[in-house]
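Below is my_file.cif, which holds mmCIF, C-alpha atoms.
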data_run
loop_
_atom_site.label_atom_id
_atom_site.label_comp_id
_atom_site.auth_asym_id
_atom_site.auth_seq_id
_atom_site.Cartn_x
_atom_site.Cartn_y
_atom_site.Cartn_z
CA MET A 1 13.78 4.59 43.09
CA LEU A 2 14.84 5.93 46.47
CA GLY A 3 15.22 2.93 48.72
CA ASP A 4 16.40 0.69 45.89
CA PRO A 5 18.90 -1.63 47.62
CA ARG A 6 21.16 -1.70 44.56
CA TYR A 7 22.60 1.77 45.25
CA THR A 8 22.36 4.92 47.37
CA THR A 9 21.87 8.41 45.99
CA GLU A 10 25.03 9.72 47.64
CA ASP A 11 27.04 6.95 46.01
CA VAL A 12 25.74 7.94 42.57
CA ARG A 13 26.50 11.61 43.16
CA ALA A 14 30.02 10.78 44.29
CA ALA A 15 30.74 8.40 41.41
CA ASP A 16 32.83 9.48 38.42
CA PRO A 17 33.38 6.23 36.49
CA LEU A 18 34.27 8.06 33.28
CA GLY A 19 36.77 10.40 34.92
CA ALA A 20 34.58 13.19 33.59
CA ASP A 21 34.87 15.86 36.29
CA ALA A 22 37.40 18.09 34.55
CA LEU A 23 36.00 17.68 31.05
CA LEU A 24 32.38 18.35 32.06
CA ALA A 25 33.44 21.51 33.89
CA ALA A 26 34.19 22.94 30.43
CA VAL A 27 30.77 22.09 28.95
CA PRO A 28 29.11 25.43 29.85
CA THR A 29 31.87 27.30 28.02
CA LEU A 30 31.55 25.03 24.98
CA ASN A 31 27.79 25.50 24.95
CA ALA A 32 28.12 29.27 25.23
CA ARG A 33 30.32 29.16 22.11
CA ALA A 34 28.00 26.64 20.40
CA ASP A 35 31.16 24.60 19.80
CA ALA A 36 29.62 21.39 18.50
CA ALA A 37 32.97 20.15 17.22
CA ALA A 38 34.56 20.33 20.67
CA LEU A 39 31.49 18.76 22.28
CA THR A 40 31.76 15.89 19.80
CA VAL A 41 35.40 15.38 20.75
CA ALA A 42 34.41 15.46 24.42
CA LEU A 43 31.72 12.81 23.97
CA ARG A 44 34.10 10.59 22.02
CA ALA A 45 36.72 10.97 24.74
CA LEU A 46 34.30 9.92 27.49
CA VAL A 47 32.81 6.84 25.81
CA PRO A 48 34.23 3.86 27.73
CA ASP A 49 35.07 0.43 26.41
CA PRO A 50 31.88 -1.68 26.50
CA ALA A 51 33.76 -4.44 28.34
CA GLU A 52 34.49 -1.94 31.11
CA ALA A 53 30.92 -0.62 31.29
CA VAL A 54 29.39 -4.05 31.93
CA ARG A 55 31.43 -4.38 35.14
CA TRP A 56 30.16 -1.20 36.81
CA SER A 57 27.78 -1.23 39.73
CA VAL A 58 24.27 0.10 39.19
CA GLY A 59 25.29 3.34 40.90
CA GLY A 60 28.35 3.70 38.68
CA ALA A 61 26.26 3.01 35.58
CA LEU A 62 23.72 5.67 36.62
CA ALA A 63 26.55 8.18 37.06
CA ALA A 64 27.95 7.30 33.62
CA VAL A 65 24.55 7.86 31.98
CA ARG A 66 24.28 11.18 33.83
CA ASP A 67 27.63 12.36 32.46
CA LEU A 68 27.17 11.12 28.91
CA GLY A 69 23.70 12.65 28.96
CA ILE A 70 24.99 16.18 29.52
CA LEU A 71 26.92 15.84 26.26
CA LEU A 72 24.02 14.20 24.41
CA GLY A 73 21.74 17.11 25.27
CA SER A 74 24.39 19.70 24.49
CA LEU A 75 25.08 18.32 21.04
CA LYS A 76 21.40 18.07 20.17
CA ARG A 77 20.94 21.67 21.35
CA HIS A 78 23.39 22.70 18.63
CA GLY A 79 21.73 20.68 15.89
CA VAL A 80 23.85 17.51 16.04
CA GLN A 81 22.43 14.01 16.49
CA PRO A 82 25.00 12.72 19.00
CA LEU A 83 25.01 9.08 17.93
CA ILE A 84 25.50 9.99 14.30
CA ALA A 85 28.52 12.06 15.32
CA VAL A 86 29.79 9.45 17.83
CA PRO A 87 28.30 6.07 16.86
CA GLU A 88 30.56 4.17 19.27
CA ALA A 89 28.45 5.59 22.11
CA LEU A 90 25.42 3.50 21.07
CA PRO A 91 26.49 0.07 22.41
CA VAL A 92 27.65 1.67 25.66
CA LEU A 93 24.33 3.45 26.20
CA GLU A 94 22.48 0.22 25.51
CA ILE A 95 24.65 -1.64 28.04
CA LEU A 96 24.10 1.08 30.65
CA GLY A 97 20.35 1.04 30.01
CA ARG A 98 20.24 -2.71 30.65
CA ARG A 99 22.50 -2.41 33.71
CA THR A 100 20.30 0.25 35.31
CA ASP A 101 16.98 -1.11 34.00
CA MET A 102 16.18 2.33 32.60
CA VAL A 103 16.05 4.02 29.21
CA PRO A 104 19.48 4.39 27.54
CA ARG A 105 19.83 8.11 28.21
CA ASP A 106 19.60 10.58 31.07
CA THR A 107 16.33 11.48 32.78
CA VAL A 108 15.24 14.14 35.25
CA HIS A 109 16.62 11.91 38.03
CA HIS A 110 20.12 11.89 36.52
CA TYR A 111 19.98 15.66 36.01
CA THR A 112 18.80 16.49 39.54
CA THR A 113 18.73 13.78 42.23
CA TRP A 114 21.87 11.96 41.05
CA ASN A 115 23.77 15.12 40.10
CA PRO A 116 26.56 16.25 42.44
CA THR A 117 26.32 19.65 44.05
CA GLY A 118 29.12 22.15 44.46
CA PRO A 119 32.09 22.27 42.07
CA ARG A 120 31.24 18.85 40.55
CA ARG A 121 27.72 19.84 39.50
CA ARG A 122 26.93 18.76 35.93
CA SER A 123 25.39 21.70 34.08
CA TYR A 124 24.61 22.82 30.54
CA THR A 125 25.17 26.52 31.18
CA GLY A 126 26.92 27.00 34.51
CA ASP A 127 24.32 29.69 35.23
CA PRO A 128 23.26 29.99 38.89
CA VAL A 129 19.66 30.03 37.68
CA GLU A 130 20.13 26.56 36.18
CA ALA A 131 21.55 25.38 39.50
CA ARG A 132 18.51 26.79 41.30
CA PHE A 133 16.25 24.94 38.87
CA GLN A 134 18.07 21.64 39.47
CA ASP A 135 17.92 22.12 43.23
CA ALA A 136 14.24 23.04 43.16
CA VAL A 137 13.34 19.87 41.27
CA ARG A 138 15.62 17.83 43.51
CA THR A 139 13.79 19.04 46.63
CA VAL A 140 10.33 17.88 45.50
CA PHE A 141 11.26 14.22 45.10
CA PRO A 142 11.39 13.25 48.81
CA GLY A 143 7.84 14.54 49.33
CA LEU A 144 6.56 12.78 46.24
CA VAL A 145 8.26 9.51 47.19
CA ALA A 146 6.73 9.73 50.66
CA ALA A 147 3.33 10.42 49.09
CA LEU A 148 3.65 7.22 47.05
CA ASP A 149 4.11 5.22 50.26
CA ASP A 150 0.81 6.61 51.50
CA CYS A 151 -0.81 5.96 48.11
CA ALA A 152 0.12 2.29 48.47
CA ARG A 153 -1.38 2.24 51.96
CA THR A 154 -4.72 3.70 50.81
CA ALA A 155 -4.82 1.10 48.05
CA ARG A 156 -4.74 -1.64 50.70
CA LEU A 157 -7.41 -0.11 52.92
CA GLU A 158 -11.12 0.65 52.78
CA PRO A 159 -12.56 4.12 53.56
CA TYR A 160 -14.10 2.79 56.79
CA ASP A 161 -10.61 2.13 58.16
CA PRO A 162 -9.26 5.12 60.16
CA GLY A 163 -5.89 4.44 58.54
CA PHE A 164 -7.35 5.41 55.15
CA ALA A 165 -7.94 9.02 56.23
CA SER A 166 -4.64 9.12 58.11
CA ALA A 167 -2.70 8.05 55.03
CA LEU A 168 -4.50 10.66 52.91
CA ASP A 169 -3.74 13.37 55.46
CA ARG A 170 -0.05 12.46 55.40
CA MET A 171 -0.19 12.47 51.60
CA ALA A 172 -1.76 15.93 51.66
CA GLY A 173 1.08 17.20 53.81
CA HIS A 174 3.70 15.80 51.43
CA LEU A 175 1.95 17.25 48.36
CA ARG A 176 1.47 20.61 50.06
CA THR A 177 5.24 20.94 50.45
CA VAL A 178 5.54 20.40 46.70
CA ALA A 179 2.83 22.97 45.98
CA ASP A 180 4.40 25.48 48.37
CA ALA A 181 7.73 25.17 46.54
CA ILE A 182 6.33 26.19 43.15
CA ASP A 183 5.85 29.93 43.62
CA PRO A 184 9.35 30.61 45.04
CA THR A 185 10.79 28.46 42.25
CA VAL A 186 9.01 30.49 39.57
CA THR A 187 10.38 33.67 41.15
CA ARG A 188 13.93 32.31 41.17
CA VAL A 189 13.65 30.41 37.85
CA PRO A 190 11.38 32.44 35.55
CA PRO A 191 9.41 30.37 33.01
CA GLU A 192 10.95 32.35 30.17
CA TYR A 193 14.43 31.30 31.35
CA PHE A 194 13.38 27.68 31.24
CA ALA A 195 11.81 28.15 27.80
CA LEU A 196 14.59 30.11 26.14
CA THR A 197 17.70 28.74 27.85
CA LEU A 198 17.14 25.28 29.33
CA SER A 199 14.41 23.64 27.29
CA PRO A 200 16.50 23.33 24.11
CA TYR A 201 18.95 21.08 25.98
CA PHE A 202 16.16 18.61 26.78
CA GLU A 203 15.23 17.78 23.20
CA GLU A 204 14.82 14.21 22.01
CA VAL A 205 17.89 12.26 20.98
CA GLU A 206 17.65 9.36 18.56
CA ILE A 207 19.04 6.11 19.96
CA ALA A 208 18.78 2.91 17.90
CA GLY A 209 15.95 4.35 15.82
CA ARG A 210 13.89 5.63 18.74
CA ASP A 211 13.58 9.18 20.08
CA TYR A 212 14.24 9.63 23.81
CA PRO A 213 13.48 12.95 25.51
CA GLY A 214 15.92 14.33 28.01
CA PRO A 215 15.15 15.42 31.57
CA ALA A 216 11.44 16.22 31.68
CA ALA A 217 8.69 17.35 34.02
CA ALA A 218 6.63 14.36 32.87
CA GLN A 219 9.16 12.15 34.69
CA VAL A 220 8.11 13.64 38.06
CA PRO A 221 5.61 11.09 39.41
CA LEU A 222 2.44 13.08 40.08
CA TRP A 223 0.78 10.67 37.67
CA LEU A 224 1.58 7.83 40.09
CA VAL A 225 -0.26 9.72 42.84
CA ASP A 226 -3.19 10.10 40.44
CA LEU A 227 -3.12 6.37 39.78
CA THR A 228 -4.25 5.15 43.19
CA LEU A 229 -6.45 8.14 43.99
CA TRP A 230 -8.66 8.27 40.91
CA ARG A 231 -6.93 7.09 37.74
CA CYS A 232 -6.43 3.30 37.94
CA ASP A 233 -10.05 2.42 37.10
CA ARG A 234 -10.70 5.23 34.61
CA SER A 235 -9.60 5.55 31.00
CA ASP A 236 -8.85 8.51 28.76
CA ALA A 237 -7.18 7.97 25.38
CA ALA A 238 -4.95 11.06 25.46
CA HIS A 239 -3.85 10.50 29.04
CA ASP A 240 -3.28 6.79 28.40
CA ALA A 241 -1.02 7.65 25.48
CA PHE A 242 0.90 10.15 27.62
CA LEU A 243 1.46 7.53 30.32
CA ALA A 244 2.61 4.97 27.77
CA GLU A 245 5.32 7.43 26.69
CA SER A 246 6.27 8.54 30.21
CA LEU A 247 6.36 5.21 32.04
CA PRO A 248 9.52 3.81 30.39
CA HIS A 249 11.47 6.82 31.72
CA ALA A 250 10.54 6.05 35.33
CA PRO A 251 12.92 4.19 37.64
CA PRO A 252 12.24 0.45 38.06
CA SER A 253 10.54 0.75 41.46
CA TRP A 254 8.06 3.30 40.09
CA ARG A 255 7.29 1.14 37.09
CA ALA A 256 6.65 -1.71 39.53
CA PHE A 257 4.34 0.58 41.55
CA HIS A 258 2.38 1.31 38.37
CA ALA A 259 2.16 -2.39 37.51
CA ARG A 260 0.87 -3.27 41.00
CA HIS A 261 -1.86 -0.64 41.06
CA ARG A 262 -2.93 -0.38 37.43
CA GLY A 263 -6.41 -1.84 37.08
CA GLY A 264 -7.10 -1.66 40.81
CA VAL A 265 -9.94 0.17 42.54
CA SER A 266 -9.21 3.85 43.08
CA ALA A 267 -9.74 5.68 46.36
CA VAL A 268 -12.48 7.76 44.73
CA SER A 269 -14.33 4.63 43.58
CA LYS A 270 -14.02 2.97 46.98
CA LEU A 271 -15.33 6.06 48.72
CA SER A 272 -18.23 6.52 46.29
CA ALA A 273 -19.26 2.88 46.69
CA ALA A 274 -19.08 3.09 50.48
CA ILE A 275 -21.21 6.23 50.60
CA SER A 276 -23.78 4.64 48.27
CA ARG A 277 -23.97 1.53 50.47
CA GLU A 278 -24.80 3.67 53.48
CA GLY A 279 -28.01 4.85 51.79
CA THR A 280 -29.98 7.09 54.14
CA ALA A 281 -28.05 6.06 57.23
CA PRO A 282 -25.72 8.62 58.84
CA LEU A 283 -22.20 8.24 57.55
CA PRO A 284 -19.86 6.62 60.08
CA PRO A 285 -17.28 9.09 61.42
CA ALA A 286 -14.41 7.19 59.82
CA LEU A 287 -16.08 7.37 56.40
CA THR A 288 -16.74 11.09 56.76
CA ALA A 289 -13.11 11.63 57.76
CA SER A 290 -11.96 9.65 54.71
CA ALA A 291 -14.14 11.75 52.41
CA GLN A 292 -12.84 14.98 53.90
CA ALA A 293 -9.23 13.82 53.63
CA LEU A 294 -9.63 12.67 50.03
CA GLY A 295 -11.22 15.99 49.13
CA ARG A 296 -8.24 17.84 50.55
CA VAL A 297 -5.79 15.76 48.52
CA LEU A 298 -7.74 16.19 45.28
CA ARG A 299 -7.88 19.95 45.79
CA ILE A 300 -4.12 20.09 46.33
CA LEU A 301 -3.57 18.06 43.14
CA LYS A 302 -5.86 20.40 41.24
CA ALA A 303 -3.96 23.42 42.54
CA LEU A 304 -0.66 21.85 41.53
CA ARG A 305 -1.95 21.14 38.03
CA ALA A 306 -3.48 24.61 37.68
CA ARG A 307 -0.15 26.25 38.58
CA HIS A 308 1.68 23.93 36.21
CA THR A 309 -0.72 24.85 33.40
CA GLY A 310 -0.12 28.56 33.88
CA ILE A 311 3.66 28.17 34.09
CA ALA A 312 3.75 25.92 31.03
CA ARG A 313 1.70 28.33 28.94
CA THR A 314 3.92 31.24 29.96
CA ALA A 315 7.02 29.29 29.05
CA ARG A 316 5.65 28.19 25.67
CA ARG A 317 4.54 31.73 24.84
CA ASP A 318 8.11 32.94 25.33
CA GLU A 319 9.82 30.23 23.31
CA PRO A 320 11.31 31.25 19.96
CA ARG A 321 10.55 27.81 18.51
CA PRO A 322 7.21 26.02 18.31
CA TYR A 323 7.74 23.48 21.10
CA GLU A 324 4.60 21.46 21.66
CA GLU A 325 5.78 19.44 24.60
CA ASP A 326 6.02 20.36 28.24
CA GLY A 327 8.82 18.03 29.24
CA GLY A 328 7.20 15.10 27.44
CA ALA A 329 3.57 16.08 28.09
CA PRO A 330 1.66 18.19 25.59
CA VAL A 331 0.62 21.49 27.16
CA ALA A 332 -2.83 20.84 25.72
CA LEU A 333 -3.03 17.67 27.83
CA LEU A 334 -2.65 19.51 31.12
CA ARG A 335 -6.16 20.93 30.94
CA PRO A 336 -7.82 17.54 30.29
CA ILE A 337 -5.84 16.05 33.20
CA LEU A 338 -7.07 18.90 35.40
CA ASP A 339 -10.61 18.24 34.22
CA LEU A 340 -10.32 14.48 34.78
CA ALA A 341 -9.13 15.04 38.34
CA GLY A 342 -11.91 17.58 38.85
CA GLU A 343 -14.55 15.07 37.79
CA ASN A 344 -13.66 13.00 40.83
CA GLU A 345 -14.30 15.76 43.35
CA PRO A 346 -18.13 15.93 43.28
CA PRO A 347 -18.91 12.72 45.22
CA VAL A 348 -16.38 13.75 47.84
CA ARG A 349 -17.64 17.32 47.96
CA ARG A 350 -21.29 16.22 48.21
CA ALA A 351 -20.51 13.88 51.08
CA THR A 352 -18.83 16.56 53.16
CA ALA A 353 -20.39 19.88 52.13
CA PRO A 354 -21.78 22.00 55.00
CA HIS A 355 -25.30 21.83 53.56
CA HIS A 356 -25.08 18.02 53.25
CA PRO A 357 -25.01 16.51 56.75
CA ALA A 358 -23.35 13.17 57.21
CA GLY A 359 -26.71 11.39 57.22
CA THR A 360 -27.84 12.68 53.79
CA PRO A 361 -27.35 10.12 51.01
CA VAL A 362 -25.45 11.06 47.88
CA GLY A 363 -27.94 11.89 45.13
CA SER A 364 -30.66 13.11 47.52
CA PRO A 365 -32.12 16.61 47.01
CA ALA A 366 -29.91 17.94 49.79
CA ALA A 367 -26.83 16.80 47.87
#
Once more with this new file: its structure as structure tokens, please.
Amino acid sequence: MLGDPRYTTEDVRAADPLGADALLAAVPTLNARADAAALTVALRALVPDPAEAVRWSVGGALAAVRDLGILLGSLKRHGVQPLIAVPEALPVLEILGRRTDMVPRDTVHHYTTWNPTGPRRRSYTGDPVEARFQDAVRTVFPGLVAALDDCARTARLEPYDPGFASALDRMAGHLRTVADAIDPTVTRVPPEYFALTLSPYFEEVEIAGRDYPGPAAAQVPLWLVDLTLWRCDRSDAAHDAFLAESLPHAPPSWRAFHARHRGGVSAVSKLSAAISREGTAPLPPALTASAQALGRVLRILKALRARHTGIARTARRDEPRPYEEDGGAPVALLRPILDLAGENEPPVRRATAPHHPAGTPVGSPAA
């Protein structure tokens, strides 16, 4: 959603349409006391008149969802369904959802990218570790957004085009920055802290008869990178169901990206077809470069998923309650996703392996 002409991120961070700064500064104290009654009063106090909410800009509406969301998650953490306690919030959340073209509650983008820093930071606990977690997630989005630009470029090109490999190499660089950020983040934000302290604030909230999860790892768009590289022309029932649940929580521009590329021809399929067409002829240099670049990107994605799997399992092991979801994605689904991505490496690996010179056709004994 970066680049959406309807708003700028800094405008959303600066906005306080509900006049919530002072009240939200008290939320960590109320959560530490498990004071559901006071949190209910706070939510009721912040709910604006619907006639006022419809006049806000998109940026103002995003900020309002961000601020109401901190109270939604806090109340649910303490066993209260927020819209049963404060039913007048329902029409406002529905208006804000329509105004922003997003789900009617906060997402990982509200909690990180659109969250102010410094004294105005919206937080469940006020703990510096929570702030480090928010900042760590915030820092990965620019790289992922840049990677999506390169994904769109590869979708328009064929592997024979030198621009295909160039776009993949840029994508690898963007994804490597995300991968390199994981280990320091785990050191500074231990998985057990996320499991025991933060995860309970991200539970589903019922809105108009439907459950909406709070800020979630599933809302970080690695699955959009998968889409153009290997996923758009492959089907897996469990992964399809996961995407159907995750997609509505994406910003409008990312949903549009998914709609444009769903059902297209993936980079892996284009490369495999090109290599097959070459038969016994030596592979053109541009095609070899494309295969090598795609292999690098797939290996980085696999490494990211493998680290995520280990972190998720550590976090779930430490949780006192039987959470089954990893921010909207079942932990059990991470392994199949890793396997699905891995299935797309062999044609790339065979085309570029040291023992398989560029002139050896895929499927030959040398491969």
(request) Name the residues that the PyMOL selection byres ((chain A and resi 247-260) around 8) pulls out of this structure, and write them as an NGL selection string. (result) :A and (1 or 4 or 101-103 or 107 or 219 or 224 or 227 or 243-246 or 261-262)
The selected residues should be written to file as a PDB file, in the frame of the given file (atoms: C-alpha atoms).
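File written: selection-v4.pdb
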ATOM      1  CA  MET A   1      13.780   4.590  43.090  1.00  0.00           C
ATOM      2  CA  ASP A   4      16.400   0.690  45.890  1.00  0.00           C
ATOM      3  CA  ASP A 101      16.980  -1.110  34.000  1.00  0.00           C
ATOM      4  CA  MET A 102      16.180   2.330  32.600  1.00  0.00           C
ATOM      5  CA  VAL A 103      16.050   4.020  29.210  1.00  0.00           C
ATOM      6  CA  THR A 107      16.330  11.480  32.780  1.00  0.00           C
ATOM      7  CA  GLN A 219       9.160  12.150  34.690  1.00  0.00           C
ATOM      8  CA  LEU A 224       1.580   7.830  40.090  1.00  0.00           C
ATOM      9  CA  LEU A 227      -3.120   6.370  39.780  1.00  0.00           C
ATOM     10  CA  LEU A 243       1.460   7.530  30.320  1.00  0.00           C
ATOM     11  CA  ALA A 244       2.610   4.970  27.770  1.00  0.00           C
ATOM     12  CA  GLU A 245       5.320   7.430  26.690  1.00  0.00           C
ATOM     13  CA  SER A 246       6.270   8.540  30.210  1.00  0.00           C
ATOM     14  CA  HIS A 261      -1.860  -0.640  41.060  1.00  0.00           C
ATOM     15  CA  ARG A 262      -2.930  -0.380  37.430  1.00  0.00           C
TER      16      ARG A 262
END
(request) I would like the residues chosen by the PyMOL selection byres ((chain A and resi 124) around 7) on the shown file; could you give them as a list of chain:residue names? (result)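 Output of the PyMOL selection byres ((chain A and resi 124) around 7): A:Val27, A:Pro28, A:Asn31, A:Ile70, A:Ser74, A:Ser123, A:Thr125, A:Gly126.
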(request) Kindly indicate which residue among A:Pro119, A:Ile207, A:Ser266, A:Gly173 lies nearest to A:Arg153, using all atoms listed in the file for the distances. (result)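 Result for the nearest residue to A:Arg153: A:Ser266.
For the pair atom CA of A:Leu144 and atom CA of A:Tyr111, the interatomic distance is 17.1 Å.
Here the question is which of A:Gly118, A:Pro213, A:Pro159, A:Gly143 gets nearest to A:Val225 using all atoms listed in the file, and that residue is A:Gly143.
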(message) One decimal, in Å: what's the spacing between atom CA of A:Leu287 and atom CA of A:Leu222?
(response) 25.3 Å
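For the pair atom CA of A:Arg176 and atom CA of A:Lys270, the separation is 23.7 Å.
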Report as a compact mmCIF listing (two decimals) with C-alpha atoms, in the coordinates of the input the full result of the PyMOL selection byres ((chain A and resi 82) around 9) when it is applied to this structure.
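Below you can see result30.txt, which holds the result:
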# COMPACT_ATOMS: atom_id res chain seq x y z
CA THR A 40 31.76 15.89 19.80
CA LEU A 43 31.72 12.81 23.97
CA LEU A 71 26.92 15.84 26.26
CA LEU A 72 24.02 14.20 24.41
CA GLY A 73 21.74 17.11 25.27
CA SER A 74 24.39 19.70 24.49
CA LEU A 75 25.08 18.32 21.04
CA LYS A 76 21.40 18.07 20.17
CA VAL A 80 23.85 17.51 16.04
CA GLN A 81 22.43 14.01 16.49
CA LEU A 83 25.01 9.08 17.93
CA ILE A 84 25.50 9.99 14.30
CA ALA A 85 28.52 12.06 15.32
CA VAL A 86 29.79 9.45 17.83
CA PRO A 87 28.30 6.07 16.86
CA ALA A 89 28.45 5.59 22.11
CA VAL A 205 17.89 12.26 20.98
CA GLU A 206 17.65 9.36 18.56
CA ILE A 207 19.04 6.11 19.96
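For the set A:Pro285, A:Ala172, A:Asp180, A:Val186, the residue with the smallest atom-to-atom gap to A:Ile300 is A:Ala172, counting all atoms listed in the file.
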(message) Ranking A:Ala152, A:Leu157, A:Leu168, A:Gly19 by minimum distance to A:Gly295 and counting only C-alpha atoms, which one comes first?
(response)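 Comparing A:Ala152, A:Leu157, A:Leu168, A:Gly19 against A:Gly295, the winner is A:Leu168.
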(request) May I have the residues within 12 Å of A:Ala179 as a ChimeraX atom specification, using only C-alpha atoms and disregarding those fewer than 4 positions away in the same chain? (result) /A:136-137,139-140,143-144,172-175,183-186,222,297,299-308
(message) When you look at A:Leu96 with a cut-off of 12 Å (counting all atoms listed in the file), what residues show up, excluding the ones that are within fewer than 5 positions of it in the same chain? I need them as a PyMOL selection string.
(response) chain A and resi 47-69+89-91+101-106
